[in-house]
Each structure stands twice: as C-alpha cells, then as structure tokens.
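Colleague: This is the content of upload-v8.pdb (PDB, C-alpha atoms):
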```
MODEL        1
ATOM      1  CA  MET A   1     -17.306  31.144  31.191
ATOM      2  CA  THR A   2     -15.621  30.774  27.804
ATOM      3  CA  ALA A   3     -15.183  27.555  25.886
ATOM      4  CA  ALA A   4     -11.446  27.781  26.430
ATOM      5  CA  SER A   5     -11.768  27.954  30.195
ATOM      6  CA  THR A   6     -14.439  25.238  30.179
ATOM      7  CA  TYR A   7     -12.226  22.742  28.428
ATOM      8  CA  GLY A   8      -8.832  23.914  29.688
ATOM      9  CA  LEU A   9      -7.229  23.284  26.319
ATOM     10  CA  ASN A  10      -6.030  26.690  25.211
ATOM     11  CA  PRO A  11      -2.399  27.915  25.182
ATOM     12  CA  THR A  12      -2.786  29.460  28.642
ATOM     13  CA  PHE A  13      -2.275  25.949  29.994
ATOM     14  CA  PHE A  14       0.351  24.968  27.415
ATOM     15  CA  PRO A  15       2.429  28.090  26.629
ATOM     16  CA  SER A  16       4.538  27.990  23.490
ATOM     17  CA  GLN A  17       8.333  28.146  23.598
ATOM     18  CA  PRO A  18       9.471  28.379  19.961
ATOM     19  CA  ALA A  19      12.966  27.125  19.199
ATOM     20  CA  ARG A  20      15.333  30.045  18.584
ATOM     21  CA  SER A  21      17.597  28.217  16.136
ATOM     22  CA  PHE A  22      17.930  25.062  14.080
ATOM     23  CA  GLN A  23      20.408  23.698  16.608
ATOM     24  CA  GLU A  24      17.954  24.193  19.468
ATOM     25  CA  ALA A  25      15.171  22.541  17.463
ATOM     26  CA  GLU A  26      17.418  19.600  16.629
ATOM     27  CA  ALA A  27      18.393  19.198  20.290
ATOM     28  CA  ARG A  28      14.722  19.091  21.296
ATOM     29  CA  ILE A  29      14.059  16.401  18.686
ATOM     30  CA  GLN A  30      16.946  14.325  19.979
ATOM     31  CA  ALA A  31      15.658  14.680  23.532
ATOM     32  CA  LEU A  32      12.224  13.455  22.482
ATOM     33  CA  GLN A  33      13.687  10.543  20.545
ATOM     34  CA  ALA A  34      15.741   9.579  23.591
ATOM     35  CA  ARG A  35      12.517   9.013  25.560
ATOM     36  CA  ASP A  36      11.593   6.045  23.372
ATOM     37  CA  ASP A  37      12.485   2.745  25.018
ATOM     38  CA  GLU A  38      12.101  -0.909  24.034
ATOM     39  CA  SER A  39       8.311  -0.586  24.253
ATOM     40  CA  VAL A  40       8.323   1.484  21.031
ATOM     41  CA  ARG A  41       8.582  -0.280  17.679
ATOM     42  CA  LEU A  42      11.865   0.395  15.890
ATOM     43  CA  ASP A  43       9.955   1.705  12.874
ATOM     44  CA  SER A  44       7.482   3.854  14.801
ATOM     45  CA  GLY A  45       9.394   6.580  16.597
ATOM     46  CA  MET A  46       9.428  10.258  15.734
ATOM     47  CA  ARG A  47      10.423  10.925  12.122
ATOM     48  CA  PHE A  48      12.763  13.784  11.192
ATOM     49  CA  PHE A  49      13.733  14.463   7.580
ATOM     50  CA  SER A  50      16.512  17.027   7.920
ATOM     51  CA  HIS A  51      18.610  19.123   5.559
ATOM     52  CA  GLY A  52      20.946  19.866   8.461
ATOM     53  CA  LYS A  53      20.036  23.544   8.584
ATOM     54  CA  LYS A  54      17.082  25.885   8.784
ATOM     55  CA  VAL A  55      15.343  26.076   5.428
ATOM     56  CA  LYS A  56      12.566  28.167   3.932
ATOM     57  CA  ARG A  57       9.764  25.736   4.847
ATOM     58  CA  SER A  58       9.275  23.245   7.651
ATOM     59  CA  LEU A  59       6.351  20.859   7.959
ATOM     60  CA  VAL A  60       4.788  18.947  10.839
ATOM     61  CA  PHE A  61       2.739  15.822  10.087
ATOM     62  CA  PHE A  62       0.342  14.538  12.776
ATOM     63  CA  HIS A  63      -0.654  10.909  12.240
ATOM     64  CA  GLY A  64      -4.057   9.423  12.987
ATOM     65  CA  TYR A  65      -5.356   7.748  16.118
ATOM     66  CA  THR A  66      -4.049   4.137  16.474
ATOM     67  CA  ASN A  67      -1.613   4.720  13.582
ATOM     68  CA  ALA A  68       2.026   5.883  13.849
ATOM     69  CA  PRO A  69       4.550   8.278  12.226
ATOM     70  CA  PRO A  70       5.352   5.910   9.287
ATOM     71  CA  GLN A  71       1.869   6.732   7.993
ATOM     72  CA  PHE A  72       3.443   9.877   6.511
ATOM     73  CA  ASP A  73       6.827   8.465   5.424
ATOM     74  CA  ARG A  74       6.149   8.585   1.689
ATOM     75  CA  LEU A  75       4.737  12.095   1.763
ATOM     76  CA  SER A  76       7.544  13.220   4.078
ATOM     77  CA  ALA A  77      10.195  11.935   1.674
ATOM     78  CA  THR A  78       8.523  13.742  -1.219
ATOM     79  CA  LEU A  79       8.358  17.045   0.652
ATOM     80  CA  PHE A  80      11.918  16.603   1.876
ATOM     81  CA  GLU A  81      13.046  16.275  -1.748
ATOM     82  CA  ARG A  82      11.277  19.580  -2.420
ATOM     83  CA  GLY A  83      13.367  21.325   0.222
ATOM     84  CA  TYR A  84      11.305  20.956   3.394
ATOM     85  CA  ASN A  85      12.516  19.954   6.823
ATOM     86  CA  VAL A  86       9.815  17.494   7.922
ATOM     87  CA  LEU A  87       8.887  16.406  11.442
ATOM     88  CA  ALA A  88       6.391  13.627  12.204
ATOM     89  CA  PRO A  89       6.016  13.181  15.975
ATOM     90  CA  ARG A  90       4.705  10.028  17.604
ATOM     91  CA  LEU A  91       1.477  10.667  19.464
ATOM     92  CA  PRO A  92       1.521   9.548  23.104
ATOM     93  CA  TYR A  93       0.854   5.802  23.626
ATOM     94  CA  HIS A  94       1.177   5.084  19.902
ATOM     95  CA  GLY A  95       3.691   3.029  17.933
ATOM     96  CA  LEU A  96       4.186   0.498  20.726
ATOM     97  CA  THR A  97       5.455  -3.012  20.034
ATOM     98  CA  ASP A  98       2.326  -4.617  21.476
ATOM     99  CA  PRO A  99      -0.558  -3.903  19.074
ATOM    100  CA  MET A 100      -3.008  -4.957  21.784
ATOM    101  CA  THR A 101      -1.620  -2.504  24.313
ATOM    102  CA  THR A 102      -4.042  -0.981  26.785
ATOM    103  CA  GLU A 103      -1.795   2.071  27.127
ATOM    104  CA  GLN A 104      -3.698   3.838  24.356
ATOM    105  CA  GLN A 105      -6.708   4.315  26.646
ATOM    106  CA  ARG A 106      -4.613   6.803  28.661
ATOM    107  CA  LEU A 107      -4.592   9.314  25.783
ATOM    108  CA  THR A 108      -6.135  12.687  26.672
ATOM    109  CA  ALA A 109      -6.901  15.913  24.854
ATOM    110  CA  GLU A 110      -4.228  17.512  27.014
ATOM    111  CA  ASP A 111      -1.687  15.024  25.634
ATOM    112  CA  LEU A 112      -2.620  16.061  22.114
ATOM    113  CA  VAL A 113      -2.342  19.795  22.833
ATOM    114  CA  ARG A 114       1.020  19.274  24.508
ATOM    115  CA  THR A 115       2.237  17.392  21.427
ATOM    116  CA  ILE A 116       0.998  20.158  19.121
ATOM    117  CA  GLN A 117       2.758  22.898  21.056
ATOM    118  CA  GLU A 118       5.963  20.892  21.384
ATOM    119  CA  SER A 119       6.031  20.071  17.659
ATOM    120  CA  VAL A 120       5.180  23.524  16.314
ATOM    121  CA  ASP A 121       7.723  25.076  18.698
ATOM    122  CA  ILE A 122      10.356  22.795  17.153
ATOM    123  CA  ALA A 123       9.207  23.509  13.593
ATOM    124  CA  VAL A 124       9.739  27.243  14.111
ATOM    125  CA  GLY A 125      13.454  26.490  14.399
ATOM    126  CA  LEU A 126      13.435  24.238  11.332
ATOM    127  CA  GLY A 127      11.933  26.608   8.785
ATOM    128  CA  GLU A 128      11.167  30.244   8.097
ATOM    129  CA  GLN A 129       7.594  29.259   7.245
ATOM    130  CA  VAL A 130       5.819  26.533   9.227
ATOM    131  CA  SER A 131       3.170  24.233   7.759
ATOM    132  CA  VAL A 132       1.097  21.777   9.772
ATOM    133  CA  CYS A 133      -0.868  18.848   8.353
ATOM    134  CA  GLY A 134      -2.650  15.926   9.976
ATOM    135  CA  ILE A 135      -5.296  13.294   9.375
ATOM    136  CA  SER A 136      -8.162  12.116  11.576
ATOM    137  CA  ALA A 137      -7.107  12.873  15.176
ATOM    138  CA  GLY A 138      -4.133  14.594  13.560
ATOM    139  CA  GLY A 139      -6.604  16.660  11.564
ATOM    140  CA  VAL A 140      -8.198  17.889  14.789
ATOM    141  CA  MET A 141      -4.713  18.672  16.106
ATOM    142  CA  THR A 142      -3.978  20.631  12.931
ATOM    143  CA  ALA A 143      -7.168  22.630  13.437
ATOM    144  CA  TRP A 144      -6.054  23.448  17.008
ATOM    145  CA  ALA A 145      -2.740  24.738  15.650
ATOM    146  CA  ALA A 146      -4.678  26.798  13.099
ATOM    147  CA  GLN A 147      -6.845  28.276  15.838
ATOM    148  CA  TYR A 148      -4.069  29.274  18.204
ATOM    149  CA  ARG A 149      -0.676  29.503  16.475
ATOM    150  CA  SER A 150       0.066  32.737  14.632
ATOM    151  CA  ASP A 151       3.487  31.327  13.677
ATOM    152  CA  VAL A 152       1.818  28.707  11.460
ATOM    153  CA  ASP A 153       1.816  29.790   7.821
ATOM    154  CA  LEU A 154      -0.353  26.931   6.513
ATOM    155  CA  ALA A 155      -2.631  24.463   8.280
ATOM    156  CA  LEU A 156      -4.081  21.600   6.223
ATOM    157  CA  ALA A 157      -6.545  19.403   8.135
ATOM    158  CA  ILE A 158      -7.439  16.089   6.480
ATOM    159  CA  ALA A 159     -10.604  14.202   7.494
ATOM    160  CA  PRO A 160     -10.697  15.573  11.073
ATOM    161  CA  SER A 161     -12.155  13.069  13.521
ATOM    162  CA  ALA A 162     -14.474  15.191  15.633
ATOM    163  CA  GLY A 163     -17.663  13.126  15.724
ATOM    164  CA  LEU A 164     -19.384   9.824  15.044
ATOM    165  CA  PRO A 165     -20.585   9.089  11.489
ATOM    166  CA  PHE A 166     -24.194   8.412  10.444
ATOM    167  CA  VAL A 167     -25.778   9.940  13.535
ATOM    168  CA  PRO A 168     -26.907  13.455  14.526
ATOM    169  CA  ILE A 169     -24.216  15.672  16.005
ATOM    170  CA  TRP A 170     -25.859  15.581  19.431
ATOM    171  CA  VAL A 171     -25.157  11.846  19.596
ATOM    172  CA  SER A 172     -21.416  12.581  19.375
ATOM    173  CA  SER A 173     -21.806  15.025  22.252
ATOM    174  CA  LEU A 174     -23.657  12.409  24.274
ATOM    175  CA  PHE A 175     -20.978   9.799  23.527
ATOM    176  CA  ARG A 176     -18.193  12.225  24.463
ATOM    177  CA  ASN A 177     -19.751  12.983  27.822
ATOM    178  CA  LEU A 178     -20.804   9.436  28.717
ATOM    179  CA  ALA A 179     -17.718   7.586  27.492
ATOM    180  CA  LEU A 180     -15.486   9.441  29.923
ATOM    181  CA  ARG A 181     -17.737   8.542  32.857
ATOM    182  CA  ILE A 182     -18.068   4.816  32.287
ATOM    183  CA  GLN A 183     -15.603   1.965  31.944
ATOM    184  CA  ASN A 184     -13.459   2.019  28.818
ATOM    185  CA  ILE A 185     -14.453  -0.318  25.998
ATOM    186  CA  TYR A 186     -12.228  -1.547  23.181
ATOM    187  CA  ILE A 187     -13.783  -1.859  19.714
ATOM    188  CA  TRP A 188     -12.224  -3.645  16.731
ATOM    189  CA  TRP A 189     -11.621  -1.569  13.638
ATOM    190  CA  ASP A 190     -12.417  -4.710  11.652
ATOM    191  CA  PRO A 191     -14.649  -7.103  13.648
ATOM    192  CA  ARG A 192     -13.913  -9.894  11.175
ATOM    193  CA  ALA A 193     -10.130  -9.698  11.373
ATOM    194  CA  LYS A 194     -10.079  -8.655  15.061
ATOM    195  CA  GLU A 195      -6.477  -8.747  16.348
ATOM    196  CA  GLN A 196      -5.086  -9.867  12.998
ATOM    197  CA  ILE A 197      -3.201  -6.950  11.425
ATOM    198  CA  VAL A 198      -4.408  -6.584   7.847
ATOM    199  CA  GLY A 199      -3.197  -3.048   7.192
ATOM    200  CA  PRO A 200      -0.165  -1.092   8.373
ATOM    201  CA  PRO A 201       1.947  -3.316  10.668
ATOM    202  CA  TYR A 202       2.480  -0.460  13.131
ATOM    203  CA  ALA A 203      -1.231   0.351  13.575
ATOM    204  CA  TYR A 204      -3.451  -0.935  16.382
ATOM    205  CA  PRO A 205      -6.382  -3.213  15.433
ATOM    206  CA  ARG A 206      -8.764  -1.705  17.987
ATOM    207  CA  PHE A 207      -9.579   1.651  19.557
ATOM    208  CA  SER A 208     -10.473   2.864  23.036
ATOM    209  CA  THR A 209     -13.763   4.612  23.696
ATOM    210  CA  HIS A 210     -12.067   6.773  26.332
ATOM    211  CA  SER A 211      -9.419   7.993  23.891
ATOM    212  CA  LEU A 212     -11.921   8.584  21.101
ATOM    213  CA  ALA A 213     -13.996  10.697  23.488
ATOM    214  CA  GLN A 214     -10.887  12.714  24.330
ATOM    215  CA  ILE A 215     -10.283  13.415  20.629
ATOM    216  CA  PHE A 216     -13.909  14.502  20.304
ATOM    217  CA  ARG A 217     -13.386  16.691  23.366
ATOM    218  CA  LEU A 218     -10.602  18.546  21.582
ATOM    219  CA  GLY A 219     -12.820  18.910  18.517
ATOM    220  CA  ARG A 220     -15.658  20.321  20.620
ATOM    221  CA  HIS A 221     -13.300  22.829  22.183
ATOM    222  CA  LEU A 222     -12.353  24.045  18.716
ATOM    223  CA  TYR A 223     -15.967  24.225  17.581
ATOM    224  CA  GLU A 224     -16.923  26.405  20.533
ATOM    225  CA  THR A 225     -13.803  28.575  20.382
ATOM    226  CA  ALA A 226     -14.270  29.216  16.653
ATOM    227  CA  ALA A 227     -17.623  30.892  17.329
ATOM    228  CA  ASN A 228     -15.987  33.881  19.023
ATOM    229  CA  THR A 229     -12.322  33.802  18.028
ATOM    230  CA  PRO A 230     -10.810  33.872  14.527
ATOM    231  CA  PRO A 231      -8.021  31.394  13.747
ATOM    232  CA  ARG A 232      -4.476  32.736  13.921
ATOM    233  CA  ALA A 233      -2.769  30.690  11.211
ATOM    234  CA  ARG A 234      -2.197  32.641   7.998
ATOM    235  CA  ARG A 235      -3.659  30.093   5.584
ATOM    236  CA  LEU A 236      -6.187  27.360   6.274
ATOM    237  CA  LYS A 237      -7.201  24.378   4.150
ATOM    238  CA  LEU A 238      -9.430  21.320   4.580
ATOM    239  CA  ILE A 239      -9.625  17.992   2.735
ATOM    240  CA  THR A 240     -12.491  15.557   3.242
ATOM    241  CA  SER A 241     -14.014  12.610   1.401
ATOM    242  CA  ALA A 242     -17.730  12.254   0.779
ATOM    243  CA  PHE A 243     -17.184   8.471   0.980
ATOM    244  CA  ASP A 244     -15.681   8.650   4.472
ATOM    245  CA  ALA A 245     -17.610   6.335   6.786
ATOM    246  CA  ALA A 246     -15.365   6.845   9.838
ATOM    247  CA  VAL A 247     -16.103  10.475  10.739
ATOM    248  CA  LYS A 248     -18.865  13.032  10.461
ATOM    249  CA  ASN A 249     -17.638  15.623   7.976
ATOM    250  CA  GLN A 250     -20.355  18.091   8.935
ATOM    251  CA  ILE A 251     -18.653  18.879  12.243
ATOM    252  CA  ALA A 252     -15.508  19.952  10.389
ATOM    253  CA  TYR A 253     -17.623  21.970   7.936
ATOM    254  CA  ASP A 254     -19.467  23.706  10.789
ATOM    255  CA  THR A 255     -16.175  24.664  12.469
ATOM    256  CA  VAL A 256     -14.809  26.010   9.186
ATOM    257  CA  GLU A 257     -17.991  28.025   8.643
ATOM    258  CA  ARG A 258     -17.519  29.603  12.057
ATOM    259  CA  TRP A 259     -14.005  30.608  11.046
ATOM    260  CA  GLU A 260     -15.297  32.038   7.788
ATOM    261  CA  ARG A 261     -17.777  34.240   9.632
ATOM    262  CA  HIS A 262     -14.731  36.079  10.981
ATOM    263  CA  GLY A 263     -13.757  36.924   7.398
ATOM    264  CA  VAL A 264     -11.189  34.138   7.126
ATOM    265  CA  LYS A 265     -10.863  32.257   3.846
ATOM    266  CA  VAL A 266     -10.603  28.453   4.083
ATOM    267  CA  GLU A 267      -9.760  26.483   0.949
ATOM    268  CA  ARG A 268     -11.683  23.209   0.779
ATOM    269  CA  TYR A 269     -11.460  20.061  -1.301
ATOM    270  CA  THR A 270     -13.785  17.048  -1.076
ATOM    271  CA  PHE A 271     -13.174  13.787  -2.887
ATOM    272  CA  PRO A 272     -16.515  12.861  -4.520
ATOM    273  CA  PRO A 273     -18.301   9.673  -3.402
ATOM    274  CA  GLU A 274     -17.776   7.878  -6.697
ATOM    275  CA  GLN A 275     -13.997   7.916  -6.113
ATOM    276  CA  ARG A 276     -14.517   5.805  -2.970
ATOM    277  CA  VAL A 277     -11.736   7.440  -0.965
ATOM    278  CA  TRP A 278     -11.692   5.893   2.504
ATOM    279  CA  HIS A 279     -10.902   7.698   5.728
ATOM    280  CA  ASP A 280      -7.185   6.901   5.795
ATOM    281  CA  MET A 281      -6.256   8.442   2.472
ATOM    282  CA  ILE A 282      -2.602   8.786   3.557
ATOM    283  CA  ASP A 283      -1.093   5.431   4.490
ATOM    284  CA  PRO A 284       0.165   3.493   1.434
ATOM    285  CA  HIS A 285       0.050   0.288   3.503
ATOM    286  CA  GLN A 286      -3.725   0.346   3.830
ATOM    287  CA  THR A 287      -5.384  -2.422   1.845
ATOM    288  CA  PHE A 288      -7.791   0.096   0.284
ATOM    289  CA  GLN A 289      -5.190   2.794  -0.431
ATOM    290  CA  GLN A 290      -5.566   5.119  -3.403
ATOM    291  CA  VAL A 291      -2.497   7.271  -2.896
ATOM    292  CA  ASP A 292      -2.054   7.736  -6.644
ATOM    293  CA  LEU A 293      -5.354   9.607  -6.487
ATOM    294  CA  THR A 294      -5.040  11.367  -3.128
ATOM    295  CA  TYR A 295      -1.376  12.367  -3.001
ATOM    296  CA  PRO A 296      -1.465  14.814  -5.929
ATOM    297  CA  VAL A 297      -4.326  16.678  -4.266
ATOM    298  CA  ILE A 298      -2.622  16.698  -0.862
ATOM    299  CA  LEU A 299       0.714  17.826  -2.300
ATOM    300  CA  ARG A 300      -0.956  20.602  -4.275
ATOM    301  CA  MET A 301      -2.788  21.828  -1.187
ATOM    302  CA  LEU A 302       0.417  21.746   0.837
ATOM    303  CA  THR A 303       2.691  23.485  -1.644
ATOM    304  CA  GLU A 304       0.544  26.066  -3.430
TER     305      GLU A 304
ENDMDL
END
```
Output the file's structure in the form of structure tokens.
Modeller:
Amino acid sequence: MTAASTYGLNPTFFPSQPARSFQEAEARIQALQARDDESVRLDSGMRFFSHGKKVKRSLVFFHGYTNAPPQFDRLSATLFERGYNVLAPRLPYHGLTDPMTTEQQRLTAEDLVRTIQESVDIAVGLGEQVSVCGISAGGVMTAWAAQYRSDVDLALAIAPSAGLPFVPIWVSSLFRNLALRIQNIYIWWDPRAKEQIVGPPYAYPRFSTHSLAQIFRLGRHLYETAANTPPRARRLKLITSAFDAAVKNQIAYDTVERWERHGVKVERYTFPPEQRVWHDMIDPHQTFQQVDLTYPVILRMLTE
C-alpha cells in the first residue's frame, strides 16, 4: 500500500479543474467570497489583488494556522505592484469573528488539500505562470502543491509546520496518532496573555490539538510520498529560521532531501540564529516582527 493510498490525500481524491480563463477564475473567486457570512470578520475573507485580466504571473499565498489572509496583505500589495495577480484564500474555520471559536478544531488535512486544489485551479486562470507560497501550515500546503501540481512554476514553502520542536521526530508521529484518538485540547499560544490578543487582531490566541495533528498528517503524507515520487512543480524553494521555536525544521529538510534524491534542485535559505527571526516572519502585526529583514529575502526568492 502506498503512502498516498494510506493517507487518502493525493489528487485522486481531489481532482484538479483548472480555470480556463480569467473570467472563469474571477467567477470562482466571487463564488467563494459569497460563502462568507456574518461569522467571518470583515477584514479576514479571501484576498484578491486583481489587474482585471490574465497576466504573466499569478501568486497564491497560504496563511498560517490560526492566522488569516491579512497576514499576507503587505506582501500581496508589493507583488501586485510588480504585475502579479495575487490570491490569498481563507483556510477553513479561520478568520472568524469569535477568536475563541471552537470551529477550528474541525480542520482536517482533507480541508487543506481541497483548499490547495481550489486555489491553484483558480490561479491557472489568473496568470500564465503560477507561484505558490505559504507559511507554517501554509508552508505544508505549498509543499503539497509542489509535490502534485505540474502547473505550478514556483513553490516557496516558508517554515513548514510538520512536527513538534525540541523533540525527536518520532514524538511528532506519536502525537499525530494519539491526538486524533483522544479528546481535543486547546493550548494557548501565549500562556501569559491567554485570550488577550497581543498580535494580529484577526489571529486566534489558542490552537487545537486535533487540527495540529491534521496538519502534521498532511506533512507526513508528503514525507512518505517524496521517498518514491519526484515533485511536479518546476521550481522549488524553502525558507526556514534557525531561531524558530515553533516547528522542527529537520522534518522539512528531510522531505527536501528526499526530493533531491530524485535529481530535483531545491533552493534553500535559512535565517541564522543570531538574527532571531521568529516563526511568523510574515505578519507585520506581530509584536516581534522583523519584516524589514525578512521581506527582502522572501521577495527575492519569489521573483528571481
């Protein structure tokens, strides 16, 4: 039995249907936006930076777990000014008006794959060349697109969240398997602040162990698939930080090394520990943001 059939997360279960024109892509975006009701924050729905026509390059940004599409607003505006059509979808159960919502615990790996396919399908109609970029859970989603989508020209994964930090990799596997079998637990991102929002106003102050295990499940699927199957995206890149205390970088490195054994080149960049770049190196509303340091690197990796 293959990894793909074991986890049920390959395109066989979520076939792609690329948009055939800009107009079709735009109609799909409008249909997705129409699904948002009063439970979604006004500032946290799907983002679409549009030139009103198909352009040379389109870009999909996948935000992180418990964050929301505004995480990428500043980068999206910059890339839009450089001629890109930019799409930043809202992950399922994210961006809701209640920051203490329990809806987030419903998130599954299948939800993430469905969002990837839906978004890349749209991006095909927005640009002649499609780029995909995401951070944390969005970084794992970007890696999935790199593995399976031959219509992706560039995939840039940033700090993929595929395992627990500071512990052996087998502990992440144990957590992934156990967390889905026991009652969900909510854990504060900042145990001192708890429900008080000290960072981005649209982000949740706590995370669900069930949802985190589902993100790890998607990462494990990729790790196993990469052993036997080369990625289909044309260009692959990875950004990590040696100071990142939220994820285990080695899992991303091991997956990339499996890709490279197929003869695929992956460009890598790691922020050194002395620069103290935290996990969320994207959101300018984070209290510890260093976007003046991180954005030039990210923009170079996206545009060169």
Colleague: List as a tab-separated table every residue of range 60-148 of chain A that is in contact with range 155-158 of chain A, defined as an atom at most 10 Å from one of its atoms (using only C-alpha atoms), together with the nearest atom pair and the distance in Å rounded to one decimal, sorted by chain and then rising number.
Modeller:
```
residue	atom	partner	partner_atom	distance
A:Val60	CA	A:Ala155	CA	9.6
A:Phe61	CA	A:Leu156	CA	9.7
A:Phe62	CA	A:Ala157	CA	9.6
A:Gly64	CA	A:Ile158	CA	9.9
A:Val130	CA	A:Ala155	CA	8.8
A:Ser131	CA	A:Ala155	CA	5.8
A:Val132	CA	A:Ala155	CA	4.8
A:Cys133	CA	A:Leu156	CA	4.7
A:Gly134	CA	A:Ala157	CA	5.5
A:Ile135	CA	A:Ile158	CA	4.6
A:Ser136	CA	A:Ile158	CA	6.5
A:Ala137	CA	A:Ile158	CA	9.3
A:Gly138	CA	A:Ala157	CA	7.6
A:Gly139	CA	A:Ala157	CA	4.4
A:Val140	CA	A:Ala157	CA	7.0
A:Met141	CA	A:Ala157	CA	8.2
A:Thr142	CA	A:Ala157	CA	5.6
A:Ala143	CA	A:Ala157	CA	6.2
A:Trp144	CA	A:Ala155	CA	9.4
A:Ala145	CA	A:Ala155	CA	7.4
A:Ala146	CA	A:Ala155	CA	5.7
A:Gln147	CA	A:Ala155	CA	9.5
```
Colleague: Using C-alpha atoms, can you export the residues from the last selection as a compact mmCIF listing (two decimals), keeping the file's coordinate frame?
Modeller:
```
# COMPACT_ATOMS: atom_id res chain seq x y z
CA VAL A 60 4.79 18.95 10.84
CA PHE A 61 2.74 15.82 10.09
CA PHE A 62 0.34 14.54 12.78
CA GLY A 64 -4.06 9.42 12.99
CA VAL A 130 5.82 26.53 9.23
CA SER A 131 3.17 24.23 7.76
CA VAL A 132 1.10 21.78 9.77
CA CYS A 133 -0.87 18.85 8.35
CA GLY A 134 -2.65 15.93 9.98
CA ILE A 135 -5.30 13.29 9.38
CA SER A 136 -8.16 12.12 11.58
CA ALA A 137 -7.11 12.87 15.18
CA GLY A 138 -4.13 14.59 13.56
CA GLY A 139 -6.60 16.66 11.56
CA VAL A 140 -8.20 17.89 14.79
CA MET A 141 -4.71 18.67 16.11
CA THR A 142 -3.98 20.63 12.93
CA ALA A 143 -7.17 22.63 13.44
CA TRP A 144 -6.05 23.45 17.01
CA ALA A 145 -2.74 24.74 15.65
CA ALA A 146 -4.68 26.80 13.10
CA GLN A 147 -6.84 28.28 15.84
```
Colleague: I need the residue set behind the PyMOL selection byres ((chain A and resi 288-290) around 12) for this file; please write it as a ChimeraX atom specification.
Modeller: /A:71,198-200,271,275-287,291-297
Colleague: May I have the protein, DNA and RNA residues with an atom at most 10 Å from (13.0, 29.5, 6.3), counting only C-alpha atoms in the file's coordinates, returned as a VMD selection string?
Modeller: chain A and resid 53 to 58 84 to 85 124 to 130
Colleague: Could you please determine the separation between CA of Val264 in chain A and CA of Pro230 in chain A in Å, to one decimal place?
Modeller: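 Separation of CA of Val264 in chain A and CA of Pro230 in chain A: 7.4 Å.
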Colleague: Run through the PyMOL selection byres ((chain A and resi 9-24) around 8) on the given coordinates and return the selected residues as a CSV table (one decimal) with C-alpha atoms, in the coordinates of the input.
Modeller:
```
chain,number,residue,atom,x,y,z
A,4,ALA,CA,-11.4,27.8,26.4
A,5,SER,CA,-11.8,28.0,30.2
A,7,TYR,CA,-12.2,22.7,28.4
A,8,GLY,CA,-8.8,23.9,29.7
A,25,ALA,CA,15.2,22.5,17.5
A,26,GLU,CA,17.4,19.6,16.6
A,27,ALA,CA,18.4,19.2,20.3
A,28,ARG,CA,14.7,19.1,21.3
A,53,LYS,CA,20.0,23.5,8.6
A,54,LYS,CA,17.1,25.9,8.8
A,109,ALA,CA,-6.9,15.9,24.9
A,110,GLU,CA,-4.2,17.5,27.0
A,113,VAL,CA,-2.3,19.8,22.8
A,114,ARG,CA,1.0,19.3,24.5
A,117,GLN,CA,2.8,22.9,21.1
A,118,GLU,CA,6.0,20.9,21.4
A,120,VAL,CA,5.2,23.5,16.3
A,121,ASP,CA,7.7,25.1,18.7
A,122,ILE,CA,10.4,22.8,17.2
A,123,ALA,CA,9.2,23.5,13.6
A,124,VAL,CA,9.7,27.2,14.1
A,125,GLY,CA,13.5,26.5,14.4
A,126,LEU,CA,13.4,24.2,11.3
A,148,TYR,CA,-4.1,29.3,18.2
A,218,LEU,CA,-10.6,18.5,21.6
A,221,HIS,CA,-13.3,22.8,22.2
```
Colleague: Just the number, please: distance in Å from CA of Leu164 in chain A to CA of Pro231 in chain A, one decimal.
Modeller: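 Between CA of Leu164 in chain A and CA of Pro231 in chain A the gap is 24.4 Å.
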Colleague: Find the distance between CA of Pro273 in chain A and CA of Asp244 in chain A and write it in Å to one decimal.
Modeller: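 These atoms are spaced 8.4 Å apart.
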Colleague: Would you please work out which residue, of A:Arg106, A:Arg235, A:Arg82, A:Arg90, is nearest to Pro69 in chain A when using all atoms listed in the file?
Modeller: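 Using all atoms listed in the file, the shortest distance to Pro69 in chain A belongs to A:Arg90.
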Colleague: For range 250-260 of chain A, work out the shell of residues within 8 Å, counting only C-alpha atoms and skipping chain neighbours fewer than 3 positions away, then give it as an NGL selection string.
Modeller: :A and (160 or 162-163 or 169 or 222-223 or 226-227 or 229-231 or 263-266)
Colleague: Could you state which residues are captured by the PyMOL selection byres ((chain A and resi 47) around 10) in this file, as an mmCIF file with C-alpha atoms, in the coordinates of the input?
Modeller:
```
data_model
loop_
_atom_site.group_PDB
_atom_site.id
_atom_site.type_symbol
_atom_site.label_atom_id
_atom_site.label_comp_id
_atom_site.auth_asym_id
_atom_site.auth_seq_id
_atom_site.Cartn_x
_atom_site.Cartn_y
_atom_site.Cartn_z
ATOM 1 C CA ILE A 29 14.059 16.401 18.686
ATOM 2 C CA GLN A 33 13.687 10.543 20.545
ATOM 3 C CA ASP A 43 9.955 1.705 12.874
ATOM 4 C CA SER A 44 7.482 3.854 14.801
ATOM 5 C CA GLY A 45 9.394 6.580 16.597
ATOM 6 C CA MET A 46 9.428 10.258 15.734
ATOM 7 C CA PHE A 48 12.763 13.784 11.192
ATOM 8 C CA PHE A 49 13.733 14.463 7.580
ATOM 9 C CA SER A 50 16.512 17.027 7.920
ATOM 10 C CA VAL A 60 4.788 18.947 10.839
ATOM 11 C CA PHE A 61 2.739 15.822 10.087
ATOM 12 C CA ALA A 68 2.026 5.883 13.849
ATOM 13 C CA PRO A 69 4.550 8.278 12.226
ATOM 14 C CA PRO A 70 5.352 5.910 9.287
ATOM 15 C CA PHE A 72 3.443 9.877 6.511
ATOM 16 C CA ASP A 73 6.827 8.465 5.424
ATOM 17 C CA SER A 76 7.544 13.220 4.078
ATOM 18 C CA VAL A 86 9.815 17.494 7.922
ATOM 19 C CA LEU A 87 8.887 16.406 11.442
ATOM 20 C CA ALA A 88 6.391 13.627 12.204
ATOM 21 C CA PRO A 89 6.016 13.181 15.975
ATOM 22 C CA ARG A 90 4.705 10.028 17.604
#
```
Colleague: Looking at A:Glu195, A:Val247, A:Pro272, A:Leu299, which one is nearest to Met100 in chain A, with distances taken over all atoms listed in the file?
Modeller: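 Using all atoms listed in the file, Met100 in chain A sits closest to A:Glu195.
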